[in-house]
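Next comes upload.csv, with CSV, C-alpha atoms and all ligand atoms.
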```
chain,number,residue,atom,x,y,z
A,25,MET,CA,96.3,65.9,86.6
A,26,ILE,CA,97.6,67.3,89.9
A,27,PRO,CA,100.1,64.9,91.3
A,28,VAL,CA,99.6,63.6,94.8
A,29,LEU,CA,103.2,64.0,95.5
A,30,GLU,CA,105.9,65.8,93.6
A,31,THR,CA,109.6,66.5,94.3
A,32,GLN,CA,111.5,69.3,92.6
A,33,GLY,CA,115.3,69.1,92.4
A,34,LEU,CA,115.5,67.2,95.7
A,35,SER,CA,119.1,66.7,97.0
A,36,LYS,CA,120.7,65.2,100.1
A,37,THR,CA,124.4,65.1,100.9
A,38,PHE,CA,126.0,63.2,103.8
A,39,GLY,CA,129.4,64.7,104.4
A,40,GLY,CA,130.9,64.7,100.9
A,41,LEU,CA,128.6,62.0,99.6
A,42,ALA,CA,125.6,63.1,97.4
A,43,ALA,CA,123.1,60.3,98.3
A,44,VAL,CA,120.3,62.0,96.3
A,45,LYS,CA,121.0,64.5,93.5
A,46,ASP,CA,118.5,66.8,91.9
A,47,VAL,CA,115.6,64.3,91.9
A,48,SER,CA,112.3,65.5,90.4
A,49,LEU,CA,109.4,63.0,90.5
A,50,ARG,CA,105.7,63.1,90.1
A,51,VAL,CA,103.3,60.5,91.6
A,52,ASN,CA,99.7,60.6,90.4
A,53,PRO,CA,96.6,59.4,92.3
A,54,CYS,CA,96.1,55.6,92.4
A,55,GLU,CA,99.5,55.0,90.9
A,56,ILE,CA,102.1,52.6,92.1
A,57,HIS,CA,105.3,54.4,91.4
A,58,ALA,CA,108.3,52.0,91.9
A,59,ILE,CA,111.8,53.1,92.6
A,60,ILE,CA,114.5,50.6,91.7
A,61,GLY,CA,118.3,50.8,91.6
A,62,PRO,CA,121.3,49.0,93.0
A,63,ASN,CA,122.3,49.1,96.7
A,64,GLY,CA,123.4,52.6,97.7
A,65,ALA,CA,121.5,54.3,94.8
A,66,GLY,CA,119.7,56.6,97.2
A,67,LYS,CA,116.3,54.9,97.3
A,68,SER,CA,115.9,54.8,101.1
A,69,THR,CA,117.2,58.3,101.4
A,70,MET,CA,114.5,59.4,99.0
A,71,VAL,CA,111.8,57.7,101.2
A,72,ASN,CA,113.3,59.4,104.2
A,73,LEU,CA,113.2,62.7,102.5
A,74,LEU,CA,109.6,62.2,101.6
A,75,SER,CA,108.5,61.1,105.1
A,76,GLY,CA,110.5,63.9,106.9
A,77,GLN,CA,113.0,61.5,108.6
A,78,LEU,CA,115.7,63.5,106.7
A,79,ARG,CA,115.7,67.1,105.6
A,80,PRO,CA,116.8,67.9,102.1
A,81,CYS,CA,119.9,70.1,101.4
A,82,ALA,CA,118.1,71.5,98.3
A,83,GLY,CA,114.8,71.1,96.5
A,84,ARG,CA,111.2,70.9,97.5
A,85,VAL,CA,108.6,68.2,98.3
A,86,LEU,CA,104.9,69.0,97.4
A,87,PHE,CA,102.1,66.9,98.8
A,88,GLN,CA,98.7,67.6,97.2
A,89,GLY,CA,100.1,70.8,95.9
A,90,LYS,CA,101.3,72.0,99.4
A,91,ASP,CA,104.9,72.6,100.2
A,92,ILE,CA,105.9,70.1,103.0
A,93,THR,CA,109.7,70.5,102.7
A,94,GLY,CA,111.4,70.1,106.0
A,95,LEU,CA,108.3,69.3,108.1
A,96,GLU,CA,108.8,67.0,111.0
A,97,PRO,CA,107.9,63.3,110.4
A,98,ASN,CA,104.8,63.4,112.7
A,99,ARG,CA,103.4,66.5,110.9
A,100,ILE,CA,103.9,64.7,107.6
A,101,SER,CA,102.2,61.5,108.9
A,102,HIS,CA,99.3,63.7,110.1
A,103,LEU,CA,98.9,65.0,106.6
A,104,GLY,CA,98.3,61.4,105.4
A,105,ILE,CA,101.7,60.1,104.3
A,106,GLY,CA,102.2,56.7,105.8
A,107,ARG,CA,105.5,54.8,105.6
A,108,SER,CA,107.1,51.4,106.3
A,109,PHE,CA,110.7,50.8,107.0
A,110,GLN,CA,113.2,48.5,105.3
A,111,ARG,CA,113.5,46.5,108.5
A,112,THR,CA,110.4,45.4,110.4
A,113,ASN,CA,109.2,47.8,113.0
A,114,ILE,CA,106.6,45.8,114.9
A,115,PHE,CA,106.3,45.2,118.7
A,116,PRO,CA,106.9,41.5,118.9
A,117,THR,CA,105.2,40.7,122.2
A,118,PHE,CA,102.0,42.6,121.3
A,119,SER,CA,99.1,41.1,119.4
A,120,CYS,CA,98.5,42.1,115.8
A,121,LEU,CA,95.5,44.1,116.8
A,122,GLU,CA,97.5,45.9,119.5
A,123,ASN,CA,100.3,46.7,117.0
A,124,CYS,CA,97.7,48.3,114.7
A,125,TRP,CA,96.2,50.2,117.7
A,126,LEU,CA,99.6,51.7,118.4
A,127,ALA,CA,100.0,52.7,114.8
A,128,ALA,CA,96.4,54.1,114.7
A,129,GLN,CA,97.1,56.1,117.8
A,130,SER,CA,100.4,57.4,116.6
A,131,ARG,CA,98.4,60.0,114.7
A,132,MET,CA,96.9,61.2,117.9
A,133,LYS,CA,98.6,63.3,120.6
A,134,ASN,CA,100.2,61.6,123.6
A,135,SER,CA,99.9,58.3,121.8
A,136,PHE,CA,101.9,56.1,124.1
A,137,ARG,CA,100.5,57.5,127.3
A,138,PHE,CA,97.0,56.5,126.3
A,139,PHE,CA,97.8,53.1,124.8
A,140,ARG,CA,96.6,51.1,127.7
A,141,ARG,CA,93.3,52.9,127.7
A,142,SER,CA,92.9,52.7,123.9
A,143,GLU,CA,89.9,50.3,124.2
A,144,ARG,CA,88.0,53.4,125.1
A,145,TYR,CA,88.6,55.1,121.8
A,146,PRO,CA,86.3,53.3,119.4
A,147,GLU,CA,87.6,55.2,116.4
A,148,VAL,CA,91.1,54.0,117.1
A,149,ARG,CA,89.9,50.4,117.4
A,150,GLU,CA,88.0,50.8,114.2
A,151,ARG,CA,91.1,52.1,112.4
A,152,ALA,CA,93.2,49.3,113.8
A,153,GLU,CA,90.7,46.7,112.7
A,154,LYS,CA,90.5,48.2,109.2
A,155,GLY,CA,94.3,48.1,108.9
A,156,LEU,CA,94.3,44.5,109.9
A,157,GLU,CA,91.5,43.6,107.5
A,158,LEU,CA,93.1,45.5,104.6
A,159,CYS,CA,96.5,43.7,105.1
A,160,GLY,CA,94.7,40.3,105.3
A,161,LEU,CA,95.4,39.4,108.9
A,162,SER,CA,92.1,39.8,110.6
A,163,ARG,CA,92.2,36.1,111.6
A,164,HIS,CA,95.4,36.8,113.5
A,165,ALA,CA,94.0,39.8,115.5
A,166,HIS,CA,94.9,38.2,118.9
A,167,THR,CA,98.0,36.4,117.8
A,168,ARG,CA,101.3,37.7,119.2
A,169,ALA,CA,103.2,39.4,116.4
A,170,ASP,CA,106.3,37.3,117.1
A,171,ALA,CA,104.2,34.1,116.4
A,172,LEU,CA,103.6,35.2,112.8
A,173,SER,CA,105.8,34.1,109.9
A,174,TYR,CA,108.3,36.6,108.6
A,175,GLY,CA,106.1,37.3,105.6
A,176,GLU,CA,103.1,37.9,107.8
A,177,GLN,CA,105.1,40.3,109.9
A,178,ARG,CA,105.9,42.3,106.9
A,179,GLN,CA,102.2,42.2,106.0
A,180,LEU,CA,101.4,43.4,109.5
A,181,GLU,CA,103.7,46.3,109.0
A,182,ILE,CA,101.6,47.4,106.0
A,183,GLY,CA,98.5,47.0,108.1
A,184,MET,CA,100.0,49.3,110.7
A,185,VAL,CA,100.7,51.9,108.0
A,186,LEU,CA,97.1,51.5,106.8
A,187,ALA,CA,95.8,51.9,110.4
A,188,THR,CA,97.1,55.5,110.3
A,189,GLU,CA,94.5,56.1,107.5
A,190,PRO,CA,97.0,57.5,105.0
A,191,VAL,CA,96.2,58.8,101.6
A,192,PHE,CA,99.6,58.1,100.4
A,193,LEU,CA,102.0,55.1,101.2
A,194,LEU,CA,105.7,54.9,101.1
A,195,LEU,CA,106.9,51.3,101.3
A,196,ASP,CA,110.6,50.5,101.5
A,197,GLU,CA,111.3,47.0,100.3
A,198,PRO,CA,108.1,45.4,101.7
A,199,MET,CA,109.0,42.1,100.1
A,200,ALA,CA,112.6,41.9,101.2
A,201,GLY,CA,113.6,38.4,102.4
A,202,MET,CA,110.4,36.8,101.3
A,203,GLY,CA,109.9,33.6,99.4
A,204,ARG,CA,107.8,33.4,96.2
A,205,GLU,CA,104.5,32.6,97.9
A,206,GLU,CA,104.8,35.3,100.5
A,207,SER,CA,105.9,38.0,98.1
A,208,GLY,CA,103.0,36.9,95.8
A,209,ARG,CA,100.6,37.7,98.6
A,210,VAL,CA,102.1,41.1,99.1
A,211,VAL,CA,101.9,41.8,95.4
A,212,GLU,CA,98.3,40.9,95.5
A,213,LEU,CA,97.8,43.2,98.5
A,214,LEU,CA,99.5,46.1,96.9
A,215,GLY,CA,97.5,45.6,93.7
A,216,ARG,CA,94.3,45.9,95.8
A,217,LEU,CA,95.6,49.0,97.6
A,218,SER,CA,96.4,50.8,94.4
A,219,ARG,CA,92.7,51.2,93.8
A,220,ASP,CA,92.4,53.6,96.7
A,221,TYR,CA,95.9,54.8,97.4
A,222,ALA,CA,98.9,56.3,95.6
A,223,LEU,CA,102.1,54.6,96.6
A,224,VAL,CA,105.8,54.8,96.2
A,225,LEU,CA,107.3,51.3,96.3
A,226,VAL,CA,111.1,50.7,96.7
A,227,GLU,CA,111.6,47.2,95.6
A,228,HIS,CA,114.3,44.8,94.4
A,229,ASP,CA,112.0,42.1,93.1
A,230,MET,CA,111.8,42.9,89.4
A,231,ASP,CA,108.9,40.5,88.7
A,232,ALA,CA,106.9,42.1,91.4
A,233,VAL,CA,107.7,45.6,90.1
A,234,PHE,CA,106.8,44.8,86.6
A,235,SER,CA,103.5,43.2,87.5
A,236,ILE,CA,102.1,45.9,89.7
A,237,ALA,CA,103.9,49.3,89.1
A,238,SER,CA,102.6,51.7,86.5
A,239,THR,CA,105.5,54.1,86.7
A,240,LEU,CA,109.1,53.3,87.3
A,241,THR,CA,112.0,55.4,88.3
A,242,VAL,CA,115.5,54.0,88.1
A,243,MET,CA,118.1,55.6,90.4
A,244,VAL,CA,121.9,55.1,90.2
A,245,ASN,CA,124.4,56.9,92.4
A,246,GLY,CA,121.7,59.2,93.7
A,247,GLU,CA,120.5,60.3,90.3
A,248,VAL,CA,117.5,59.5,88.2
A,249,LEU,CA,118.6,57.4,85.2
A,250,ALA,CA,115.2,57.1,83.7
A,251,SER,CA,111.6,57.7,84.8
A,252,GLY,CA,108.2,57.1,83.2
A,253,PRO,CA,105.7,54.3,82.3
A,254,VAL,CA,107.1,50.9,83.3
A,255,ASP,CA,107.3,49.4,79.8
A,256,GLN,CA,109.1,52.5,78.4
A,257,VAL,CA,111.7,52.6,81.2
A,258,ARG,CA,112.2,48.8,81.2
A,259,ASN,CA,113.3,48.9,77.5
A,260,ASN,CA,115.5,52.0,77.9
A,261,PRO,CA,119.0,50.8,76.8
A,262,ALA,CA,120.8,52.8,79.5
A,263,VAL,CA,118.6,51.1,82.1
A,264,GLN,CA,119.2,47.7,80.7
A,265,GLN,CA,122.9,48.3,80.7
A,266,ALA,CA,123.2,49.9,84.1
A,267,TYR,CA,120.8,47.8,86.2
A,268,LEU,CA,118.7,45.1,84.6
A,269,GLY,CA,121.6,43.6,82.8
A,270,ASP,CA,123.5,42.6,85.8
A,301,LIG,P1,119.6,52.5,98.8
A,301,LIG,O1,118.3,52.5,99.7
A,301,LIG,O2,119.3,52.7,97.4
A,301,LIG,O3,120.3,51.2,99.0
A,301,LIG,P2,120.5,54.6,100.6
A,301,LIG,O4,119.6,55.7,100.3
A,301,LIG,O5,120.3,53.8,101.8
A,301,LIG,O6,120.5,53.6,99.3
A,301,LIG,O7,122.0,55.1,100.6
A,301,LIG,C1,122.5,56.0,99.6
A,301,LIG,C2,123.9,56.4,100.0
A,301,LIG,O8,123.9,57.3,101.1
A,301,LIG,C3,124.8,55.2,100.4
A,301,LIG,O9,126.1,55.5,99.9
A,301,LIG,C4,124.7,55.2,101.9
A,301,LIG,O10,125.9,54.7,102.4
A,301,LIG,C5,124.6,56.7,102.2
A,301,LIG,N1,123.9,57.0,103.4
A,301,LIG,C6,122.6,56.7,103.6
A,301,LIG,N2,122.2,57.1,104.8
A,301,LIG,C7,123.2,57.8,105.4
A,301,LIG,C8,123.5,58.4,106.6
A,301,LIG,N3,122.5,58.5,107.5
A,301,LIG,N4,124.7,58.9,106.8
A,301,LIG,C9,125.7,58.8,105.9
A,301,LIG,N5,125.5,58.2,104.7
A,301,LIG,C10,124.3,57.7,104.5
A,302,MG,MG,117.5,51.0,101.0
```
Output the file's structure in the form of structure tokens.
Amino acid sequence: MIPVLETQGLSKTFGGLAAVKDVSLRVNPCEIHAIIGPNGAGKSTMVNLLSGQLRPCAGRVLFQGKDITGLEPNRISHLGIGRSFQRTNIFPTFSCLENCWLAAQSRMKNSFRFFRRSERYPEVRERAEKGLELCGLSRHAHTRADALSYGEQRQLEIGMVLATEPVFLLLDEPMAGMGREESGRVVELLGRLSRDYALVLVEHDMDAVFSIASTLTVMVNGEVLASGPVDQVRNNPAVQQAYLGD
């Protein structure tokens, strides 16, 4: 199977600190590939390398077999890699639908200049509505984003990523700070999405990871400690000792 996304020997150094060291990963179609590891392990740096927010010092990123190493974030987004951030990234005074509009338009040129006229672009509206529907917030289309609960705001963020019509999703701790019920809703949402999308999920919530991910990569100090099918990695003694044990 040709992986959707592959990294080969990816490395990133900040000053003297190797945040990501020689990481090689493969993500297959319709796979949830979770990356776990303690704080500072290099997970967000990996996401930033994949989305173009950071340039690697060494190694390559291949997307659908094409070398995308070092491309600008907007070029990478145009290719169909959508990402969320560890902190929420919504426009609080805009409605949910408007937030999705903005996201949908971000894949078009001059996106902000045309925002106020976006009603005229039916395909943008369609994409925005689809994003809202997929993330389960259609009923809140005209609700201001800051009136949503925290969990719903994180859901909206995923909707905004989906409104860009990605083929591949990068989600950095989408369940951070959520209660059981809210994270349960996101788990359900991700499960549904995995039918159509490949995704890389950085997550702290182990129960969530084990219930939805098919592949698991454990990072420690910028390096891959173990990677493979979830059950195999979960029972790896080095993983148990280094991460799950604490
Ligand atoms: P994680 O997401 O696993 O918690 P990060 O990828 O955010 O880890 O960070 C990995 C390491 O790289 C940490 O030691 C962090 O302090 C460092 N780091 C991350 N981003 C930067 C940056 N922009 N400049 C300098 N150091 C950074
Ligand atoms: Mg992080």
Item to check | Surroundings of ligand MG 302 (chain A) up to 10 Å, based on only C-alpha atoms and all ligand atoms, as a ChimeraX atom specification | outcome: /A:60-72,109-111,196-197,226-228
Item to check | Shell around Leu73 in chain A at 10 Å using all atoms listed in the file, local window under 5 positions removed, as a ChimeraX atom specification | outcome: /A:31,34-36,44,67-68,78-80,84-85,93-95,97
Preceding selection exported with C-alpha atoms as a PDB file, keeping the file's coordinate frame:
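What follows is the written file selection_6.pdb:
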```
ATOM      1  CA  THR A  31     109.600  66.500  94.300  1.00  0.00           C
ATOM      2  CA  LEU A  34     115.500  67.200  95.700  1.00  0.00           C
ATOM      3  CA  SER A  35     119.100  66.700  97.000  1.00  0.00           C
ATOM      4  CA  LYS A  36     120.700  65.200 100.100  1.00  0.00           C
ATOM      5  CA  VAL A  44     120.300  62.000  96.300  1.00  0.00           C
ATOM      6  CA  LYS A  67     116.300  54.900  97.300  1.00  0.00           C
ATOM      7  CA  SER A  68     115.900  54.800 101.100  1.00  0.00           C
ATOM      8  CA  LEU A  78     115.700  63.500 106.700  1.00  0.00           C
ATOM      9  CA  ARG A  79     115.700  67.100 105.600  1.00  0.00           C
ATOM     10  CA  PRO A  80     116.800  67.900 102.100  1.00  0.00           C
ATOM     11  CA  ARG A  84     111.200  70.900  97.500  1.00  0.00           C
ATOM     12  CA  VAL A  85     108.600  68.200  98.300  1.00  0.00           C
ATOM     13  CA  THR A  93     109.700  70.500 102.700  1.00  0.00           C
ATOM     14  CA  GLY A  94     111.400  70.100 106.000  1.00  0.00           C
ATOM     15  CA  LEU A  95     108.300  69.300 108.100  1.00  0.00           C
ATOM     16  CA  PRO A  97     107.900  63.300 110.400  1.00  0.00           C
TER      17      PRO A  97
END
```
With a cut-off of 7 Å, could you pull out the residues of range 159-179 of chain A touching range 114-134 of chain A and give me the nearest pair of atoms for each, distance in Å to one decimal, using all atoms listed in the file, ordered by chain and ascending number, as a Markdown table?
```
| residue | atom | partner | partner_atom | distance |
| --- | --- | --- | --- | --- |
| A:His164 | CA | A:Cys120 | CA | 6.6 |
| A:Ala165 | CA | A:Leu121 | CA | 4.7 |
| A:His166 | CA | A:Ser119 | CA | 5.1 |
| A:Thr167 | CA | A:Ser119 | CA | 5.1 |
| A:Arg168 | CA | A:Ser119 | CA | 4.1 |
| A:Ala169 | CA | A:Pro116 | CA | 4.9 |
| A:Asp170 | CA | A:Pro116 | CA | 4.6 |
```
Write out, as a PDB file, keeping the file's coordinate frame, the residues just selected, with C-alpha atoms.
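Result file is result.pdb:
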```
ATOM      1  CA  HIS A 164      95.400  36.800 113.500  1.00  0.00           C
ATOM      2  CA  ALA A 165      94.000  39.800 115.500  1.00  0.00           C
ATOM      3  CA  HIS A 166      94.900  38.200 118.900  1.00  0.00           C
ATOM      4  CA  THR A 167      98.000  36.400 117.800  1.00  0.00           C
ATOM      5  CA  ARG A 168     101.300  37.700 119.200  1.00  0.00           C
ATOM      6  CA  ALA A 169     103.200  39.400 116.400  1.00  0.00           C
ATOM      7  CA  ASP A 170     106.300  37.300 117.100  1.00  0.00           C
TER       8      ASP A 170
END
```
Checklist entry - What does the distance from CA of Gly160 in chain A to CA of Arg107 in chain A come to in Å, to one decimal? => result 18.1 Å
Checklist entry - Hey, can you check how far CA of Ser75 in chain A sits from CA of Pro53 in chain A? => result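 Interatomic distance here is 17.6 Å.
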Item to check | Contact residues around Asn260 in chain A with only C-alpha atoms at 12 Å, ignoring same-chain residues under 2 positions, as a ChimeraX atom specification | outcome: /A:240-242,249-258,262-269
Item to check | Computed interatomic separation between CA of Leu194 in chain A and CA of Thr37 in chain A (Å) | outcome: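 Straight-line distance from CA of Leu194 in chain A to CA of Thr37 in chain A works out to 21.3 Å.
The smallest atom-to-atom distance between ligand LIG 301 (chain A) and any of A:Leu195, A:Cys54, A:Val233, A:Cys159, using all atoms listed in the file, is found for A:Leu195.
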Checklist entry - Which is closest to Ser238 in chain A among A:Leu41, A:Val28, A:Ile56, A:Leu161, if we use only C-alpha atoms? => result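 Closest to Ser238 in chain A, using only C-alpha atoms: A:Ile56.
Distance check against ligand LIG 301 (chain A) using all atoms listed in the file: of A:Gly215, A:Gly83, A:Gly89, A:Gly246, the minimum falls on A:Gly246.
Restricting the calculation to only C-alpha atoms and all ligand atoms, the smallest distance between ligand LIG 301 (chain A) and any of A:Pro198, A:Gly33, A:Pro27, A:Gly40 is found for A:Gly40.
Closest approach to ligand LIG 301 (chain A) among A:Leu213, A:Leu74, A:Leu193, A:Val51: A:Leu74, based on only C-alpha atoms and all ligand atoms.
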Checklist entry - Using all atoms listed in the file, can you list as number ranges by chain the residues within 9 Å of (102.4, 53.9, 108.8)? => result A: 101, 105-108, 127-128, 130, 181-190, 193-194
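Between ligand LIG 301 (chain A) and the residues A:Gln77, A:Gln88, A:Ser173, A:Thr239, the shortest atom-to-atom distance, using only C-alpha atoms and all ligand atoms, involves A:Gln77.
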